[in-house]
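K.L.:
Just so it is clear, I am handing over work_4.pdb, which has PDB, C-alpha atoms.
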```
ATOM      1  CA  MET A1063     173.848 134.562 114.250
ATOM      2  CA  PHE A1064     173.692 132.271 111.208
ATOM      3  CA  SER A1065     170.519 130.581 112.412
ATOM      4  CA  THR A1066     168.939 133.990 113.033
ATOM      5  CA  ALA A1067     169.744 135.082 109.472
ATOM      6  CA  VAL A1068     168.341 131.849 108.055
ATOM      7  CA  ALA A1069     165.184 132.270 110.111
ATOM      8  CA  ALA A1070     164.795 135.835 108.843
ATOM      9  CA  VAL A1071     165.217 134.719 105.229
ATOM     10  CA  LEU A1072     162.701 131.924 105.715
ATOM     11  CA  LEU A1073     160.243 134.337 107.300
ATOM     12  CA  VAL A1074     160.561 136.777 104.397
ATOM     13  CA  PHE A1075     160.228 133.981 101.858
ATOM     14  CA  SER A1076     157.185 132.416 103.507
ATOM     15  CA  SER A1077     155.494 135.805 103.945
ATOM     16  CA  THR A1078     156.134 136.668 100.292
ATOM     17  CA  TRP A1079     154.872 133.258  99.220
ATOM     18  CA  LEU A1080     151.647 133.766 101.141
ATOM     19  CA  LEU A1081     151.110 137.348  99.945
ATOM     20  CA  THR A1082     151.610 136.517  96.267
ATOM     21  CA  ARG A1083     149.655 133.295  96.085
ATOM     22  CA  PRO A1084     146.532 133.252  93.878
ATOM     23  CA  HIS A1085     143.293 134.021  95.720
ATOM     24  CA  PRO A1086     140.272 132.693  93.804
ATOM     25  CA  ARG A1087     137.145 134.247  95.271
ATOM     26  CA  PHE A1088     134.845 131.291  94.593
ATOM     27  CA  ALA A1089     135.182 127.621  95.419
ATOM     28  CA  ALA A1090     135.278 125.314  92.409
ATOM     29  CA  GLY A1091     131.751 124.220  91.548
ATOM     30  CA  ASP A1092     130.155 126.743  93.919
ATOM     31  CA  PRO A1093     126.480 125.630  93.856
ATOM     32  CA  THR A1094     125.253 129.219  94.167
ATOM     33  CA  LEU A1095     126.696 130.015  90.725
ATOM     34  CA  THR A1096     124.648 128.552  87.897
ATOM     35  CA  PRO A1097     124.387 129.290  84.155
ATOM     36  CA  GLY A1098     122.210 132.293  83.388
ATOM     37  CA  ASP A1099     120.374 133.546  80.308
ATOM     38  CA  ALA A1100     122.197 133.071  77.003
ATOM     39  CA  GLY A1101     120.286 135.897  75.294
ATOM     40  CA  ARG A1102     121.470 138.408  77.868
ATOM     41  CA  GLY A1103     124.890 136.774  77.762
ATOM     42  CA  ARG A1104     125.244 137.628  74.089
ATOM     43  CA  LEU A1105     124.990 141.318  74.998
ATOM     44  CA  VAL A1106     127.573 140.873  77.762
ATOM     45  CA  PHE A1107     129.818 139.167  75.195
ATOM     46  CA  ALA A1108     129.424 142.137  72.838
ATOM     47  CA  ALA A1109     129.923 144.783  75.517
ATOM     48  CA  GLY A1110     133.016 142.961  76.765
ATOM     49  CA  GLY A1111     134.566 142.856  73.309
ATOM     50  CA  CYS A1112     135.288 139.140  73.695
ATOM     51  CA  ALA A1113     135.334 138.407  69.962
ATOM     52  CA  SER A1114     137.910 141.112  69.301
ATOM     53  CA  CYS A1115     140.603 139.086  71.028
ATOM     54  CA  HIS A1116     139.337 135.523  71.217
ATOM     55  CA  ALA A1117     138.015 134.930  67.675
ATOM     56  CA  SER A1118     140.417 132.769  65.676
ATOM     57  CA  PRO A1119     142.533 135.045  63.449
ATOM     58  CA  GLY A1120     142.272 134.892  59.661
ATOM     59  CA  GLN A1121     138.616 133.856  59.401
ATOM     60  CA  PRO A1122     135.343 135.838  59.439
ATOM     61  CA  ASP A1123     133.320 134.068  62.154
ATOM     62  CA  ARG A1124     133.409 136.223  65.306
ATOM     63  CA  PHE A1125     131.940 133.340  67.298
ATOM     64  CA  ARG A1126     134.705 130.886  66.458
ATOM     65  CA  LEU A1127     136.586 131.462  69.680
ATOM     66  CA  GLY A1128     139.744 129.449  69.127
ATOM     67  CA  GLY A1129     142.040 132.235  70.298
ATOM     68  CA  ASP A1130     145.724 132.400  69.222
ATOM     69  CA  LEU A1131     145.717 136.122  68.446
ATOM     70  CA  ALA A1132     149.230 137.473  69.077
ATOM     71  CA  LEU A1133     149.374 140.383  71.529
ATOM     72  CA  ALA A1134     152.705 142.178  71.346
ATOM     73  CA  SER A1135     153.987 143.846  74.505
ATOM     74  CA  PRO A1136     157.252 145.124  75.990
ATOM     75  CA  TYR A1137     157.487 141.781  77.821
ATOM     76  CA  GLY A1138     157.083 139.558  74.782
ATOM     77  CA  THR A1139     154.157 138.166  72.801
ATOM     78  CA  PHE A1140     151.115 136.814  74.583
ATOM     79  CA  ARG A1141     148.748 134.389  72.841
ATOM     80  CA  VAL A1142     145.033 134.731  73.504
ATOM     81  CA  PRO A1143     143.409 131.532  74.812
ATOM     82  CA  ASN A1144     140.638 129.462  73.312
ATOM     83  CA  ILE A1145     137.354 130.245  75.115
ATOM     84  CA  SER A1146     135.112 128.048  72.995
ATOM     85  CA  PRO A1147     133.208 125.268  74.801
ATOM     86  CA  ASP A1148     135.694 122.626  73.652
ATOM     87  CA  PRO A1149     136.483 120.579  76.800
ATOM     88  CA  GLN A1150     140.188 120.138  76.028
ATOM     89  CA  ALA A1151     141.315 123.173  74.030
ATOM     90  CA  GLY A1152     138.776 125.629  75.423
ATOM     91  CA  ILE A1153     136.650 126.172  78.530
ATOM     92  CA  GLY A1154     134.085 123.420  78.020
ATOM     93  CA  SER A1155     135.046 121.778  81.317
ATOM     94  CA  TRP A1156     134.811 125.018  83.321
ATOM     95  CA  SER A1157     132.123 125.758  85.874
ATOM     96  CA  VAL A1158     130.515 129.161  86.336
ATOM     97  CA  ALA A1159     132.770 129.571  89.379
ATOM     98  CA  ASP A1160     135.831 128.974  87.184
ATOM     99  CA  LEU A1161     134.747 131.751  84.829
ATOM    100  CA  ALA A1162     133.977 134.044  87.770
ATOM    101  CA  ASN A1163     137.419 133.440  89.256
ATOM    102  CA  ALA A1164     139.062 134.227  85.924
ATOM    103  CA  LEU A1165     137.161 137.478  85.454
ATOM    104  CA  ILE A1166     137.010 138.729  89.037
ATOM    105  CA  SER A1167     140.184 137.307  90.589
ATOM    106  CA  GLY A1168     142.446 136.797  87.574
ATOM    107  CA  VAL A1169     142.980 133.162  88.601
ATOM    108  CA  SER A1170     142.759 130.072  86.384
ATOM    109  CA  PRO A1171     140.927 126.832  87.259
ATOM    110  CA  SER A1172     144.352 125.275  87.895
ATOM    111  CA  GLY A1173     145.082 127.953  90.496
ATOM    112  CA  GLN A1174     147.541 130.108  88.563
ATOM    113  CA  HIS A1175     147.626 133.878  88.149
ATOM    114  CA  TYR A1176     146.580 135.119  84.741
ATOM    115  CA  TYR A1177     148.820 137.699  83.137
ATOM    116  CA  PRO A1178     147.160 141.137  83.124
ATOM    117  CA  ALA A1179     147.281 141.153  79.319
ATOM    118  CA  PHE A1180     143.863 139.630  80.051
ATOM    119  CA  PRO A1181     142.053 142.769  81.298
ATOM    120  CA  TYR A1182     140.693 141.326  84.523
ATOM    121  CA  ALA A1183     141.788 144.524  86.258
ATOM    122  CA  SER A1184     138.663 145.992  84.603
ATOM    123  CA  TYR A1185     136.475 142.877  84.428
ATOM    124  CA  THR A1186     136.867 142.394  88.185
ATOM    125  CA  GLY A1187     133.902 144.738  88.696
ATOM    126  CA  MET A1188     131.499 142.486  86.758
ATOM    127  CA  THR A1189     128.259 141.393  88.363
ATOM    128  CA  LEU A1190     127.745 137.692  88.992
ATOM    129  CA  ASP A1191     124.534 137.834  86.952
ATOM    130  CA  ASP A1192     126.483 139.046  83.919
ATOM    131  CA  ILE A1193     129.112 136.338  84.408
ATOM    132  CA  SER A1194     126.433 133.645  84.648
ATOM    133  CA  ASP A1195     124.744 134.980  81.505
ATOM    134  CA  LEU A1196     128.057 135.147  79.644
ATOM    135  CA  TYR A1197     128.804 131.559  80.658
ATOM    136  CA  ALA A1198     125.453 130.423  79.269
ATOM    137  CA  PHE A1199     126.048 132.216  75.959
ATOM    138  CA  LEU A1200     129.568 130.866  75.500
ATOM    139  CA  HIS A1201     128.221 127.351  75.866
ATOM    140  CA  THR A1202     125.826 127.860  72.952
ATOM    141  CA  LEU A1203     128.759 128.326  70.561
ATOM    142  CA  SER A1204     130.583 125.689  68.558
ATOM    143  CA  PRO A1205     133.599 124.022  70.169
ATOM    144  CA  VAL A1206     136.927 124.800  68.502
ATOM    145  CA  PRO A1207     139.473 122.010  69.030
ATOM    146  CA  GLU A1208     142.640 123.960  68.156
ATOM    147  CA  HIS A1209     145.102 124.813  70.931
ATOM    148  CA  PRO A1210     146.675 128.294  70.761
ATOM    149  CA  GLN A1211     150.425 128.628  70.653
ATOM    150  CA  PRO A1212     152.240 129.219  73.953
ATOM    151  CA  HIS A1213     153.227 132.695  75.094
ATOM    152  CA  ASP A1214     156.595 133.870  73.802
ATOM    153  CA  ILE A1215     157.724 136.096  76.662
ATOM    154  CA  SER A1216     160.895 136.851  78.566
ATOM    155  CA  PRO A1217     161.970 133.939  80.826
ATOM    156  CA  LEU A1218     161.696 136.209  83.877
ATOM    157  CA  PHE A1219     158.014 136.868  83.210
ATOM    158  CA  ARG A1220     157.258 133.177  82.811
ATOM    159  CA  ILE A1221     157.306 132.928  86.608
ATOM    160  CA  ARG A1222     153.632 133.552  87.220
ATOM    161  CA  ARG A1223     154.110 134.101  90.918
ATOM    162  CA  PHE A1224     155.536 137.514  89.989
ATOM    163  CA  VAL A1225     152.025 138.463  88.866
ATOM    164  CA  GLY A1226     151.089 138.217  92.545
ATOM    165  CA  PHE A1227     153.383 141.186  93.229
ATOM    166  CA  TRP A1228     151.728 143.086  90.382
ATOM    167  CA  LYS A1229     148.323 142.405  91.886
ATOM    168  CA  LEU A1230     149.437 143.639  95.303
ATOM    169  CA  LEU A1231     150.435 146.945  93.745
ATOM    170  CA  PHE A1232     147.850 147.537  91.030
ATOM    171  CA  PHE A1233     144.883 145.162  91.279
ATOM    172  CA  HIS A1234     141.761 145.962  93.306
ATOM    173  CA  GLU A1235     139.648 142.833  93.213
ATOM    174  CA  GLY A1236     135.921 143.368  92.892
ATOM    175  CA  ARG A1237     136.244 147.133  92.581
ATOM    176  CA  SER A1238     135.157 149.155  89.588
ATOM    177  CA  GLU A1239     136.873 152.427  88.741
ATOM    178  CA  GLY A1240     133.521 153.831  87.660
ATOM    179  CA  THR A1241     132.046 156.824  89.468
ATOM    180  CA  GLU A1242     128.273 156.787  89.929
ATOM    181  CA  ASN A1243     126.143 159.901  90.443
ATOM    182  CA  GLY A1244     122.626 158.510  90.811
ATOM    183  CA  ASP A1245     121.626 159.098  87.179
ATOM    184  CA  SER A1246     120.690 155.629  85.931
ATOM    185  CA  VAL A1247     121.910 156.351  82.384
ATOM    186  CA  HIS A1248     125.253 157.700  83.596
ATOM    187  CA  ASP A1249     125.688 154.854  86.071
ATOM    188  CA  ARG A1250     124.946 152.212  83.434
ATOM    189  CA  GLY A1251     127.552 153.940  81.285
ATOM    190  CA  ALA A1252     130.063 153.778  84.126
ATOM    191  CA  TYR A1253     129.671 150.007  84.235
ATOM    192  CA  LEU A1254     129.879 149.612  80.463
ATOM    193  CA  VAL A1255     132.911 151.885  80.052
ATOM    194  CA  GLU A1256     134.936 151.027  83.129
ATOM    195  CA  THR A1257     134.138 147.345  83.550
ATOM    196  CA  LEU A1258     132.663 145.490  80.579
ATOM    197  CA  GLY A1259     134.104 147.691  77.833
ATOM    198  CA  HIS A1260     137.451 148.098  79.676
ATOM    199  CA  CYS A1261     138.011 151.271  77.631
ATOM    200  CA  ALA A1262     140.779 152.573  79.887
ATOM    201  CA  GLU A1263     142.910 149.539  79.056
ATOM    202  CA  CYS A1264     143.615 151.050  75.636
ATOM    203  CA  HIS A1265     142.916 154.765  76.100
ATOM    204  CA  SER A1266     145.472 155.330  78.867
ATOM    205  CA  SER A1267     149.233 155.339  79.304
ATOM    206  CA  ARG A1268     151.058 152.716  81.343
ATOM    207  CA  ASN A1269     153.975 152.632  83.739
ATOM    208  CA  ILE A1270     157.023 150.359  83.481
ATOM    209  CA  PHE A1271     155.041 147.575  85.145
ATOM    210  CA  GLY A1272     152.304 147.701  82.522
ATOM    211  CA  ALA A1273     149.693 149.216  84.852
ATOM    212  CA  VAL A1274     147.487 152.152  83.868
ATOM    213  CA  LYS A1275     148.782 155.493  85.133
ATOM    214  CA  PRO A1276     145.814 157.024  87.001
ATOM    215  CA  LYS A1277     146.560 160.579  85.834
ATOM    216  CA  THR A1278     146.333 159.459  82.196
ATOM    217  CA  ARG A1279     143.161 157.398  82.525
ATOM    218  CA  PHE A1280     141.213 157.873  79.265
ATOM    219  CA  ALA A1281     143.664 160.597  78.170
ATOM    220  CA  GLY A1282     145.268 158.403  75.519
ATOM    221  CA  GLY A1283     148.335 156.241  75.262
ATOM    222  CA  VAL A1284     150.650 154.277  73.024
ATOM    223  CA  SER A1285     149.050 151.062  71.785
ATOM    224  CA  SER A1286     150.249 147.823  73.348
ATOM    225  CA  GLU A1287     151.736 146.889  69.965
ATOM    226  CA  ASN A1288     153.640 150.203  69.949
ATOM    227  CA  VAL A1289     152.371 150.968  66.439
ATOM    228  CA  GLY A1290     150.037 153.877  67.159
ATOM    229  CA  PHE A1291     148.567 156.181  69.789
ATOM    230  CA  ASN A1292     145.081 155.612  71.132
ATOM    231  CA  PRO A1293     143.307 158.971  71.407
ATOM    232  CA  ASN A1294     142.251 161.029  74.376
ATOM    233  CA  ILE A1295     138.550 160.337  75.046
ATOM    234  CA  THR A1296     138.111 162.752  77.940
ATOM    235  CA  PRO A1297     136.451 166.115  77.138
ATOM    236  CA  THR A1298     139.942 167.367  76.249
ATOM    237  CA  GLY A1299     139.868 165.127  73.204
ATOM    238  CA  ILE A1300     136.180 164.795  72.379
ATOM    239  CA  GLY A1301     134.686 167.804  74.138
ATOM    240  CA  SER A1302     133.042 169.058  70.950
ATOM    241  CA  TRP A1303     131.201 165.763  70.431
ATOM    242  CA  SER A1304     127.631 165.513  71.641
ATOM    243  CA  GLU A1305     126.217 162.440  73.338
ATOM    244  CA  GLN A1306     124.395 161.685  70.075
ATOM    245  CA  ASP A1307     127.663 161.999  68.129
ATOM    246  CA  LEU A1308     129.298 159.461  70.404
ATOM    247  CA  ALA A1309     126.360 157.063  70.257
ATOM    248  CA  GLU A1310     126.350 157.274  66.461
ATOM    249  CA  MET A1311     130.078 156.542  66.298
ATOM    250  CA  LEU A1312     129.510 153.473  68.478
ATOM    251  CA  ARG A1313     126.738 152.326  66.119
ATOM    252  CA  SER A1314     128.225 153.034  62.699
ATOM    253  CA  GLY A1315     131.804 154.162  63.211
ATOM    254  CA  ARG A1316     130.960 157.574  61.731
ATOM    255  CA  THR A1317     132.514 160.600  63.438
ATOM    256  CA  PRO A1318     131.128 164.159  63.602
ATOM    257  CA  ASP A1319     133.707 165.370  61.066
ATOM    258  CA  HIS A1320     132.254 162.998  58.446
ATOM    259  CA  GLY A1321     135.034 160.483  58.813
ATOM    260  CA  TYR A1322     135.073 156.931  60.157
ATOM    261  CA  VAL A1323     137.036 155.322  62.950
ATOM    262  CA  GLY A1324     139.683 152.898  61.848
ATOM    263  CA  TRP A1325     142.216 150.389  63.105
ATOM    264  CA  SER A1326     141.262 148.640  66.356
ATOM    265  CA  MET A1327     138.372 151.023  67.068
ATOM    266  CA  ALA A1328     136.573 149.767  63.977
ATOM    267  CA  ASP A1329     136.605 146.342  65.593
ATOM    268  CA  VAL A1330     135.218 147.823  68.813
ATOM    269  CA  VAL A1331     132.344 149.318  66.821
ATOM    270  CA  GLU A1332     131.440 145.840  65.567
ATOM    271  CA  ASN A1333     130.795 144.999  69.214
ATOM    272  CA  THR A1334     129.038 148.187  70.329
ATOM    273  CA  ALA A1335     126.797 148.142  67.243
ATOM    274  CA  GLU A1336     125.166 145.020  68.711
ATOM    275  CA  LEU A1337     124.188 146.793  71.917
ATOM    276  CA  PRO A1338     120.829 148.477  72.475
ATOM    277  CA  GLU A1339     120.756 152.176  71.644
ATOM    278  CA  ALA A1340     120.163 152.868  75.341
ATOM    279  CA  ASP A1341     123.540 151.320  76.175
ATOM    280  CA  ARG A1342     125.351 153.362  73.532
ATOM    281  CA  MET A1343     123.766 156.521  74.928
ATOM    282  CA  ALA A1344     124.799 155.461  78.432
ATOM    283  CA  ILE A1345     128.405 155.043  77.281
ATOM    284  CA  ALA A1346     128.245 158.473  75.658
ATOM    285  CA  ARG A1347     126.877 160.139  78.769
ATOM    286  CA  TYR A1348     129.551 158.646  80.978
ATOM    287  CA  LEU A1349     132.364 159.635  78.610
ATOM    288  CA  LYS A1350     131.066 163.194  78.507
ATOM    289  CA  SER A1351     131.176 163.262  82.326
ATOM    290  CA  LEU A1352     134.856 162.313  82.588
ATOM    291  CA  PRO A1353     137.229 164.942  83.983
ATOM    292  CA  PRO A1354     139.303 166.627  81.246
ATOM    293  CA  ARG A1355     142.887 165.382  81.229
ATOM    294  CA  PRO A1356     145.832 166.500  79.074
ATOM    295  CA  THR A1357     147.037 164.072  76.458
ATOM    296  CA  PRO A1358     150.328 162.525  77.608
ATOM    297  CA  TYR A1359     153.305 162.633  75.287
ATOM    298  CA  PRO A1360     153.723 159.368  73.362
TER     299      PRO A1360
END
```
Is it possible to give me this structure as structure tokens?
P.N.:
Amino acid sequence: MFSTAVAAVLLVFSSTWLLTRPHPRFAAGDPTLTPGDAGRGRLVFAAGGCASCHASPGQPDRFRLGGDLALASPYGTFRVPNISPDPQAGIGSWSVADLANALISGVSPSGQHYYPAFPYASYTGMTLDDISDLYAFLHTLSPVPEHPQPHDISPLFRIRRFVGFWKLLFFHEGRSEGTENGDSVHDRGAYLVETLGHCAECHSSRNIFGAVKPKTRFAGGVSSENVGFNPNITPTGIGSWSEQDLAEMLRSGRTPDHGYVGWSMADVVENTAELPEADRMAIARYLKSLPPRPTPYP
């Protein structure tokens, strides 16, 4: 009886270990993945909002990507990593495959799960061309030798293998949440909003595990820092805005009521202002196509 119980425990443990292990999609140094075009990569960088999190705090250069921004959460404070091309402190030693595994699989070059404070749940839908272009652009920037501080999170959440359980429940590798309808402008917007722009990561409410609640997607939610409420951007919240109104807000920050966006959205506008007007109009068209959803209670 005892040996049977031990065997059952070992079977459960080994099965759990296998199910929760990191699964990088690409082999290290995959020869089919090579650096792309840095000019296009700059637009991917802007659309992805990379500077908003990874630029070193307290200085004006959005391309000084030393990280160390503090991200408050119910689980503790996460510190954003250095993604400059410094070979020790940053990602200078990474291959294109390493970057692809981080963005698509949420797995580090050392084979560990990334915490989903890094929005790979959205980035996972990125095209390999965009990842290759982003890689090329990042390697045109200046290396930053500073190492960010370590995460300050609950001891329980320091066990990264637990992220494997989270992925089993809430992560759909390689899948975008965007809905395409055959209109090239709309479908480009789907990619920009759902994948590169990861807009739902802020404009939605989350469950106790920190995953987006599907019924609140884009309907607004409490900020991760718990200091404000990100607005509803379905037609329930912005139904009176035209596509041109939305595109103008993404260019200048100006809203139809003659105001300006503030707080973290002002930083987003710094990114979207760098995009071509066609991309801002694509974002606007996709947002206008979203199903109306009621704003959840904070």
K.L.:
What's the separation between atom CA of A:Phe1140 and atom CA of A:Thr1189, in Å to one decimal place?
P.N.:
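Separating atom CA of A:Phe1140 from atom CA of A:Thr1189 is a distance of 27.1 Å.
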K.L.:
At a cut-off of 7 Å, using only C-alpha atoms, what residues contact A:Asn1292? Leave out same-chain residues fewer than 2 positions from it and give the result as a PyMOL selection string.
P.N.:
chain A and resi 1264-1265+1282-1285+1290+1294
K.L.:
Report the residues retrieved by the PyMOL selection byres ((chain A and resi 1108) around 12) from the displayed file, expressed as a PyMOL selection string.
P.N.:
chain A and resi 1101-1107+1109-1115+1124-1125+1192+1196+1199-1200+1254+1258-1259+1329-1338+1341-1342
K.L.:
Dig up all the protein and nucleic acid residues within 9 Å of (127.2, 135.9, 87.9) in the file frame, using all atoms listed in the file, and format them as an mmCIF file with C-alpha atoms, keeping the file's coordinate frame.
P.N.:
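Writing done, so here's result36.cif:
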```cif
data_model
loop_
_atom_site.group_PDB
_atom_site.id
_atom_site.type_symbol
_atom_site.label_atom_id
_atom_site.label_comp_id
_atom_site.auth_asym_id
_atom_site.auth_seq_id
_atom_site.Cartn_x
_atom_site.Cartn_y
_atom_site.Cartn_z
ATOM 1 C CA LEU A 1095 126.696 130.015 90.725
ATOM 2 C CA THR A 1096 124.648 128.552 87.897
ATOM 3 C CA PRO A 1097 124.387 129.290 84.155
ATOM 4 C CA GLY A 1098 122.210 132.293 83.388
ATOM 5 C CA VAL A 1158 130.515 129.161 86.336
ATOM 6 C CA ALA A 1159 132.770 129.571 89.379
ATOM 7 C CA ALA A 1162 133.977 134.044 87.770
ATOM 8 C CA MET A 1188 131.499 142.486 86.758
ATOM 9 C CA THR A 1189 128.259 141.393 88.363
ATOM 10 C CA LEU A 1190 127.745 137.692 88.992
ATOM 11 C CA ASP A 1191 124.534 137.834 86.952
ATOM 12 C CA ASP A 1192 126.483 139.046 83.919
ATOM 13 C CA ILE A 1193 129.112 136.338 84.408
ATOM 14 C CA SER A 1194 126.433 133.645 84.648
ATOM 15 C CA ASP A 1195 124.744 134.980 81.505
ATOM 16 C CA LEU A 1196 128.057 135.147 79.644
ATOM 17 C CA TYR A 1197 128.804 131.559 80.658
#
```
K.L.:
Find, counting only C-alpha atoms, the residue in A:Pro1084, A:Pro1119, A:Gly1128, A:Gly1321 that gets nearest to A:Gly1173.
P.N.:
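Answer, going by the shortest atom-to-atom distance: A:Pro1084.
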K.L.:
From the options A:Arg1250, A:Pro1353, A:Tyr1177, A:Gly1324, which residue's atoms come nearest to A:Lys1229, counting all atoms listed in the file?
P.N.:
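Ranking A:Arg1250, A:Pro1353, A:Tyr1177, A:Gly1324 by distance to A:Lys1229, first place goes to A:Tyr1177.
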K.L.:
For A:Ser1266, which residue out of A:Ser1135, A:Pro1356, A:Ala1179, A:Pro1212 is the nearest one, using only C-alpha atoms?
P.N.:
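Closest to A:Ser1266 of all the choices is A:Pro1356.
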K.L.:
First collect every listed atom of stretch 1151-1156 of chain A; then fit an axis-aligned box around them, widen it by 4 Å on each side, and give centre and edge lengths in Å to one decimal, as lines of an AutoDock Vina configuration file.
P.N.:
```
center_x = 137.7
center_y = 124.0
center_z = 78.7
size_x = 15.2
size_y = 12.4
size_z = 17.3
```
K.L.:
I'd like the neighbourhood of A:Pro1143 as a VMD selection string, where a residue qualifies if any of its atoms comes within 10 Å (using only C-alpha atoms), though same-chain residues fewer than 2 positions away should be ignored.
P.N.:
chain A and resid 1115 to 1118 1127 to 1131 1140 to 1141 1145 to 1146 1151 to 1153 1180 1209 to 1213
K.L.:
Give me, please, the distance in Å between atom CA of A:Leu1165 and atom CA of A:Ser1184, quoted to one decimal.
P.N.:
8.7 Å
K.L.:
Taking the file as shown, find all residues satisfying the PyMOL selection byres ((chain A and resi 1163) around 12) and write them as JSON, numbers by chain.
P.N.:
{"A": [1084, 1085, 1086, 1087, 1088, 1089, 1090, 1091, 1092, 1095, 1156, 1157, 1158, 1159, 1160, 1161, 1162, 1164, 1165, 1166, 1167, 1168, 1169, 1170, 1171, 1172, 1173, 1174, 1175, 1176, 1182, 1185, 1186, 1187, 1188, 1190, 1193, 1194, 1235, 1236]}
K.L.:
Extract, using only C-alpha atoms, all DNA, RNA and protein residues at most 12 Å from A:Phe1280, discarding same-chain residues fewer than 3 positions from it, and format them as an MDAnalysis selection string.
P.N.:
chainID A and resid 1239 1255:1256 1260:1268 1274:1277 1283:1284 1292:1300 1348:1358
K.L.:
Please check which residues have atoms at most 10 Å from (121.6, 158.3, 78.0) in the file's coordinates, counting all atoms listed in the file, and write them as a list in words.
P.N.:
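Residues with an atom at most 10 Å from (121.6, 158.3, 78.0): Asp1245, Ser1246, Val1247, His1248, Asp1249, Arg1250, Gly1251, Glu1305, Gln1306, Ala1309, Glu1339, Ala1340, Asp1341, Arg1342, Met1343, Ala1344, Ile1345, Ala1346, Arg1347 and Tyr1348 of chain A.
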K.L.:
Suppose you want the space between atom CA of A:Asp1307 and atom CA of A:Met1327; what is it in Å?
P.N.:
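Separation between atom CA of A:Asp1307 and atom CA of A:Met1327: 15.4 Å.
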K.L.:
Saving stretch 1256-1268 of chain A with N, CA, C and O atoms, as a compact mmCIF listing (two decimals), in the first residue's frame, what would that file be?
P.N.:
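Saved as result-v9.txt:
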```
# COMPACT_ATOMS: atom_id res chain seq x y z
N GLU A 1256 -4.11 44.34 -30.42
CA GLU A 1256 -4.12 43.13 -29.61
C GLU A 1256 -2.73 42.58 -29.33
O GLU A 1256 -2.51 41.99 -28.27
N THR A 1257 -1.82 42.76 -30.26
CA THR A 1257 -0.50 42.13 -30.12
C THR A 1257 0.58 43.16 -29.79
O THR A 1257 1.04 43.22 -28.65
N LEU A 1258 0.98 43.98 -30.74
CA LEU A 1258 2.07 44.90 -30.48
C LEU A 1258 1.72 45.91 -29.38
O LEU A 1258 2.49 46.11 -28.44
N GLY A 1259 0.58 46.56 -29.50
CA GLY A 1259 0.21 47.59 -28.53
C GLY A 1259 -0.23 47.04 -27.19
O GLY A 1259 -0.29 47.78 -26.20
N HIS A 1260 -0.57 45.75 -27.13
CA HIS A 1260 -1.05 45.06 -25.92
C HIS A 1260 -1.99 45.93 -25.09
O HIS A 1260 -1.91 45.99 -23.86
N CYS A 1261 -2.95 46.57 -25.77
CA CYS A 1261 -3.84 47.53 -25.11
C CYS A 1261 -4.71 46.88 -24.03
O CYS A 1261 -5.03 47.51 -23.02
N ALA A 1262 -5.09 45.63 -24.24
CA ALA A 1262 -5.96 44.97 -23.26
C ALA A 1262 -5.25 44.74 -21.94
O ALA A 1262 -5.90 44.55 -20.91
N GLU A 1263 -3.93 44.75 -21.93
CA GLU A 1263 -3.20 44.52 -20.69
C GLU A 1263 -3.50 45.59 -19.65
O GLU A 1263 -3.47 45.32 -18.44
N CYS A 1264 -3.80 46.80 -20.10
CA CYS A 1264 -4.15 47.88 -19.17
C CYS A 1264 -5.66 48.12 -19.12
O CYS A 1264 -6.20 48.41 -18.05
N HIS A 1265 -6.32 48.04 -20.26
CA HIS A 1265 -7.73 48.44 -20.35
C HIS A 1265 -8.68 47.28 -20.09
O HIS A 1265 -9.72 47.16 -20.74
N SER A 1266 -8.35 46.43 -19.15
CA SER A 1266 -9.19 45.29 -18.78
C SER A 1266 -9.05 45.07 -17.28
O SER A 1266 -8.12 45.57 -16.65
N SER A 1267 -9.97 44.30 -16.73
CA SER A 1267 -9.87 43.89 -15.33
C SER A 1267 -9.25 42.50 -15.25
O SER A 1267 -9.29 41.73 -16.22
N ARG A 1268 -8.71 42.18 -14.08
CA ARG A 1268 -7.99 40.92 -13.92
C ARG A 1268 -8.56 40.08 -12.79
O ARG A 1268 -9.14 40.62 -11.85
```
